[in-house]
$ cat protein_28.cif   # mmCIF, C-alpha atoms
data_upload
#
loop_
_atom_site.label_atom_id
_atom_site.label_comp_id
_atom_site.auth_asym_id
_atom_site.auth_seq_id
_atom_site.Cartn_x
_atom_site.Cartn_y
_atom_site.Cartn_z
CA MET N 1 30.02 35.14 -7.48
CA GLU N 2 29.93 31.64 -8.96
CA LYS N 3 31.41 30.26 -5.76
CA LEU N 4 28.70 32.05 -3.72
CA ASN N 5 25.98 30.63 -5.95
CA SER N 6 27.42 27.14 -5.62
CA THR N 7 27.59 27.40 -1.82
CA LEU N 8 24.03 28.71 -1.71
CA GLY N 9 22.81 25.81 -3.83
CA VAL N 10 24.53 23.25 -1.60
CA LEU N 11 23.02 24.79 1.54
CA VAL N 12 19.49 24.81 0.07
CA PHE N 13 19.85 21.20 -1.10
CA ALA N 14 21.13 20.08 2.31
CA LEU N 15 18.21 21.81 4.04
CA LEU N 16 15.68 20.09 1.77
CA MET N 17 17.26 16.68 2.33
CA THR N 18 17.20 17.21 6.10
CA MET N 19 13.49 18.10 6.02
CA LEU N 20 12.64 15.07 3.89
CA SER N 21 14.62 12.75 6.15
CA ALA N 22 12.86 14.09 9.22
CA CYS N 23 9.45 13.51 7.61
CA SER N 24 10.28 9.93 6.62
CA VAL N 25 11.61 9.09 10.11
CA ASN N 26 8.66 10.56 12.03
CA SER N 27 5.82 9.44 9.75
CA PRO N 28 4.27 6.03 10.49
CA LEU N 29 3.89 3.46 7.72
CA GLN N 30 0.43 4.12 6.23
CA PHE N 31 -1.83 2.27 3.80
CA ARG N 32 -5.14 3.15 2.17
CA THR N 33 -7.28 0.11 1.40
CA GLU N 34 -10.48 -0.40 -0.58
CA ILE N 35 -12.75 -3.16 0.77
CA ASP N 36 -15.69 -4.89 -0.89
CA ALA N 37 -17.72 -7.51 1.02
CA LEU N 38 -20.69 -9.66 -0.01
CA ALA N 39 -22.71 -12.23 1.92
CA ALA N 40 -25.49 -14.63 0.95
CA SER N 41 -28.77 -13.60 2.55
CA GLY N 42 -30.31 -16.14 4.92
CA ALA N 43 -27.29 -18.45 4.88
CA THR N 44 -27.19 -20.71 7.95
CA VAL N 45 -23.77 -22.34 8.04
CA GLY N 46 -21.57 -23.16 11.02
CA ASN N 47 -18.43 -21.23 11.88
CA ARG N 48 -15.77 -23.95 11.72
CA PHE N 49 -13.33 -23.22 8.90
CA VAL N 50 -10.19 -24.29 7.06
CA VAL N 51 -8.10 -22.06 4.80
CA LEU N 52 -7.00 -23.39 1.41
CA PRO N 53 -5.06 -21.76 -1.45
CA GLY N 54 -7.26 -19.69 -3.73
CA ASN N 55 -4.67 -18.82 -6.36
CA PRO N 56 -4.51 -21.01 -9.48
CA GLY N 57 -2.03 -23.81 -8.90
CA GLY N 58 -1.74 -22.87 -5.21
CA ASN N 59 0.17 -25.18 -2.90
CA GLU N 60 -0.69 -25.68 0.79
CA GLN N 61 3.02 -26.26 1.53
CA ASP N 62 4.11 -22.98 -0.06
CA LEU N 63 5.91 -20.94 2.59
CA GLN N 64 4.30 -17.67 1.57
CA PHE N 65 0.84 -19.21 1.73
CA ILE N 66 1.58 -20.66 5.17
CA GLU N 67 2.66 -17.22 6.42
CA PHE N 68 -0.39 -15.42 5.00
CA LYS N 69 -2.72 -18.18 6.16
CA GLY N 70 -1.55 -17.51 9.74
CA TYR N 71 -2.69 -13.87 9.50
CA ILE N 72 -6.08 -14.89 8.08
CA GLU N 73 -6.66 -17.51 10.77
CA LYS N 74 -6.09 -14.81 13.40
CA VAL N 75 -8.57 -12.33 11.90
CA LEU N 76 -11.17 -15.09 11.41
CA ALA N 77 -10.76 -16.12 15.04
CA ASN N 78 -11.24 -12.48 16.05
CA ARG N 79 -14.54 -12.52 14.11
CA GLY N 80 -15.81 -15.54 16.06
CA PHE N 81 -14.87 -18.34 13.63
CA ASN N 82 -13.26 -21.55 14.87
CA LYS N 83 -10.41 -23.29 13.10
CA ALA N 84 -11.07 -26.92 12.17
CA ALA N 85 -8.38 -29.59 12.04
CA THR N 86 -9.37 -30.91 8.58
CA PRO N 87 -11.76 -29.91 5.79
CA GLN N 88 -13.97 -32.86 6.78
CA ASP N 89 -14.42 -31.29 10.24
CA SER N 90 -15.25 -27.84 8.88
CA ASP N 91 -18.39 -25.98 7.85
CA LEU N 92 -16.58 -23.50 5.58
CA VAL N 93 -13.69 -23.76 3.19
CA VAL N 94 -12.10 -20.32 2.94
CA PHE N 95 -10.07 -19.87 -0.24
CA LEU N 96 -7.27 -17.36 0.20
CA GLY N 97 -6.18 -15.46 -2.90
CA TYR N 98 -3.53 -12.72 -3.07
CA GLY N 99 -1.06 -11.07 -5.40
CA VAL N 100 0.55 -7.93 -6.82
CA GLY N 101 -0.40 -6.41 -10.17
CA GLN N 102 1.93 -5.12 -12.87
CA PRO N 103 3.69 -1.80 -12.24
CA GLU N 104 1.58 1.23 -13.19
CA VAL N 105 3.52 4.31 -14.29
CA HIS N 106 1.90 7.70 -13.64
CA GLN N 107 2.98 11.04 -15.08
CA TYR N 108 2.58 14.48 -13.51
CA ALA N 109 3.67 18.04 -14.24
CA TYR N 110 4.89 20.69 -11.81
CA ASP N 111 6.46 24.16 -11.90
CA VAL N 112 9.95 24.99 -10.64
CA PRO N 113 11.46 28.48 -10.10
CA VAL N 114 13.98 29.74 -12.66
CA TRP N 115 17.35 30.79 -11.21
CA ASN N 116 18.94 34.09 -12.26
CA ASP N 117 22.55 35.28 -12.33
CA TRP N 118 22.45 36.21 -8.61
CA GLY N 119 21.30 32.81 -7.44
CA TYR N 120 17.75 33.97 -6.66
CA TYR N 121 14.69 32.15 -7.86
CA TYR N 122 12.20 35.03 -7.80
CA PRO N 123 10.06 35.31 -10.91
CA TYR N 124 11.60 37.52 -13.57
CA ARG N 125 10.08 40.73 -14.88
CA ARG N 126 11.34 43.14 -17.52
CA SER N 127 13.34 46.13 -16.24
CA PHE N 128 12.65 49.63 -17.47
CA TYR N 129 16.12 50.75 -16.38
CA TYR N 130 18.30 47.89 -17.52
CA ARG N 131 18.33 45.74 -20.60
CA GLY N 132 16.99 42.26 -20.18
CA PHE N 133 15.35 41.06 -16.97
CA TYR N 134 15.91 41.41 -13.24
CA PRO N 135 14.42 39.60 -10.23
CA GLY N 136 10.97 40.78 -9.26
CA PHE N 137 7.53 39.52 -8.34
CA ALA N 138 5.73 39.49 -11.68
CA GLY N 139 6.03 37.85 -15.06
CA ALA N 140 6.94 34.31 -16.04
CA GLY N 141 9.55 32.99 -13.64
CA TYR N 142 8.81 29.28 -13.60
CA ALA N 143 9.53 26.34 -15.87
CA GLN N 144 7.35 23.26 -16.15
CA ARG N 145 8.84 19.81 -15.57
CA ILE N 146 7.42 16.36 -16.18
CA ASP N 147 8.11 13.50 -13.80
CA THR N 148 6.80 9.98 -13.20
CA TYR N 149 6.15 7.63 -10.32
CA THR N 150 5.27 3.93 -10.15
CA THR N 151 2.58 2.20 -8.10
CA PHE N 152 1.49 -1.41 -7.63
CA ARG N 153 -1.97 -2.80 -6.89
CA ARG N 154 -1.84 -5.31 -4.02
CA TYR N 155 -4.89 -7.50 -3.45
CA LEU N 156 -6.27 -10.07 -1.00
CA THR N 157 -9.46 -12.12 -1.37
CA LEU N 158 -11.28 -14.47 1.01
CA ASP N 159 -13.92 -16.67 -0.63
CA ALA N 160 -15.89 -18.71 1.94
CA CYS N 161 -17.80 -21.71 0.54
CA GLU N 162 -19.90 -24.48 2.08
CA THR N 163 -17.76 -27.51 2.84
CA GLY N 164 -20.33 -30.19 1.85
CA PRO N 165 -20.78 -29.27 -1.85
CA TYR N 166 -17.06 -28.62 -2.20
CA LEU N 167 -15.97 -32.00 -0.84
CA ALA N 168 -18.69 -33.87 -2.74
CA GLN N 169 -18.44 -32.23 -6.17
CA GLN N 170 -15.72 -29.56 -5.95
CA GLN N 171 -18.56 -27.05 -6.15
CA ARG N 172 -17.88 -23.65 -4.60
CA LYS N 173 -21.17 -22.53 -3.10
CA GLN N 174 -20.33 -19.11 -1.73
CA VAL N 175 -21.48 -18.04 1.73
CA TRP N 176 -19.54 -14.79 1.83
CA LYS N 177 -16.69 -13.10 0.01
CA THR N 178 -14.45 -10.26 1.19
CA SER N 179 -11.89 -8.51 -1.01
CA VAL N 180 -9.37 -5.79 -0.22
CA GLN N 181 -6.97 -3.94 -2.47
CA SER N 182 -4.37 -1.26 -1.93
CA SER N 183 -2.24 0.76 -4.35
CA GLY N 184 1.18 2.08 -3.38
CA ALA N 185 4.85 2.41 -4.23
CA SER N 186 5.85 -0.96 -2.70
CA ASN N 187 5.40 -4.33 -4.37
CA ASP N 188 6.47 -6.11 -1.17
CA LEU N 189 3.34 -8.14 -0.45
CA ARG N 190 4.78 -9.52 2.80
CA LEU N 191 5.01 -5.95 4.08
CA VAL N 192 1.48 -4.92 3.05
CA PHE N 193 -0.47 -8.16 3.67
CA PRO N 194 -0.88 -7.90 7.48
CA TYR N 195 -2.29 -4.38 7.11
CA MET N 196 -4.77 -5.46 4.43
CA ALA N 197 -5.82 -8.40 6.64
CA ALA N 198 -6.31 -6.09 9.63
CA ALA N 199 -8.28 -3.56 7.57
CA MET N 200 -10.71 -6.21 6.28
CA GLN N 201 -11.41 -7.89 9.63
CA GLY N 202 -14.49 -5.86 10.54
CA TYR N 203 -16.15 -6.58 7.17
CA ILE N 204 -15.66 -10.36 6.97
CA GLY N 205 -19.02 -12.12 6.58
CA THR N 206 -20.89 -8.86 5.98
CA ASN N 207 -22.36 -7.08 2.95
CA THR N 208 -20.94 -3.57 2.49
CA GLY N 209 -23.22 -2.75 -0.46
CA HIS N 210 -20.34 -0.91 -2.11
CA MET N 211 -16.59 -0.51 -1.83
CA VAL N 212 -15.49 1.23 1.36
CA THR N 213 -12.19 2.99 2.12
CA VAL N 214 -10.22 2.11 5.24
CA ASP N 215 -6.95 3.83 6.21
CA ILE N 216 -4.58 1.92 8.47
CA ASP N 217 -1.04 2.45 9.72
CA GLU N 218 1.59 0.71 11.82
CA THR N 219 0.20 2.15 15.06
CA ASP N 220 -3.07 0.22 14.63
CA PRO N 221 -3.38 -2.26 17.55
CA LEU N 222 -4.83 -5.04 15.39
CA ALA N 223 -2.09 -4.75 12.77
CA ARG N 224 0.54 -4.82 15.51
CA SER N 225 -1.05 -7.90 17.10
CA LEU N 226 -1.04 -9.70 13.75
CA LEU N 227 2.60 -8.93 13.11
CA GLY N 228 3.93 -9.86 16.55
CA PRO N 229 7.57 -10.89 16.94
CA LEU N 230 9.15 -12.48 13.89
CA PRO N 231 9.90 -16.18 14.46
CA VAL N 232 13.57 -17.13 14.45
CA THR N 233 14.38 -20.33 12.59
CA PRO N 234 17.76 -21.81 13.59
CA LEU N 235 20.11 -22.60 10.75
CA PRO N 236 21.02 -26.26 10.22
CA PRO N 237 24.57 -27.22 11.34
CA ARG N 238 27.24 -27.25 8.64
#
$ encode --input "protein_28.cif" --output "structure tokens"
Amino acid sequence: MEKLNSTLGVLVFALLMTMLSACSVNSPLQFRTEIDALAASGATVGNRFVVLPGNPGGNEQDLQFIEFKGYIEKVLANRGFNKAATPQDSDLVVFLGYGVGQPEVHQYAYDVPVWNDWGYYYPYRRSFYYRGFYPGFAGAGYAQRIDTYTTFRRYLTLDACETGPYLAQQQRKQVWKTSVQSSGASNDLRLVFPYMAAAMQGYIGTNTGHMVTVDIDETDPLARSLLGPLPVTPLPPR
């Protein structure tokens, strides 16, 4: 009997793993984003822009910034903005900020069936003919378990300011600002960033009035155009 129970358990476990694997293979990579956009009313500024680091201590030569800047320049071009060669040639200085928050641990409870001596997981009920309990369809046959999962808040901010006041006095006179955040199990910002950039494109330079939700996945044409083929950098000779 114990051998039968063990075999049954292995078969059930294998079936569950097969179903989960099939779901993960067939499901596209999906992200839910929250977007908030503001714009100064009546602002009349040109559309030539440069992108500079918006994070404290940011470095224009940082490789991650250079990669993310490329995505932002594409979505700005799609919105009708023109890239300038230098800040002096621009109308807008767009400060690019991004990052990943600290891990957030969440707790949840769920019920699991209780197994009996025959390997079944039907709820137990008291027998009138035998001592103890036997499998049935009434009574308490489940046990509660507590589990946890971890999420990370990923964020991206574009802060567009007039070039003149910034170059003259380092003053950031905002023309528009667009922010996007997304919470999920991955803290890989390089994976999530192109999707956040694609999700925010339609709201750049606008005023949403409140935070809006945008779902996006890897089948989205804009996200796919942003990603494109990964560049191959040849290794130096040894």
$ closest_residue --input "protein_28.cif" --among "N:Ala109, N:Ile216, N:Ala168, N:Leu222" --to "N:Pro28" --atoms "only C-alpha atoms"
N:Ile216
$ axis_aligned_box --input "protein_28.cif" --around "stretch 146-150 of chain N" --padding-each-side "3 Å" --output "lines of an AutoDock Vina configuration file"
center_x = 6.7
center_y = 10.1
center_z = -13.2
size_x = 8.8
size_y = 18.4
size_z = 12.0
$ resolve_selection --input "protein_28.cif" --expression "the PyMOL selection byres ((chain N and resi 173) around 10)" --output "count of residues only"
17
$ residues_around --input "protein_28.cif" --residues "stretch 55-60 of chain N" --least-positions-apart "6" --cutoff "8 Å" --atoms "only C-alpha atoms" --output "count of residues only"
4
$ closest_residue --input "protein_28.cif" --among "N:Tyr149, N:Ala197, N:Ser182, N:Arg190" --to "N:Arg32" --atoms "only C-alpha atoms"
N:Ser182
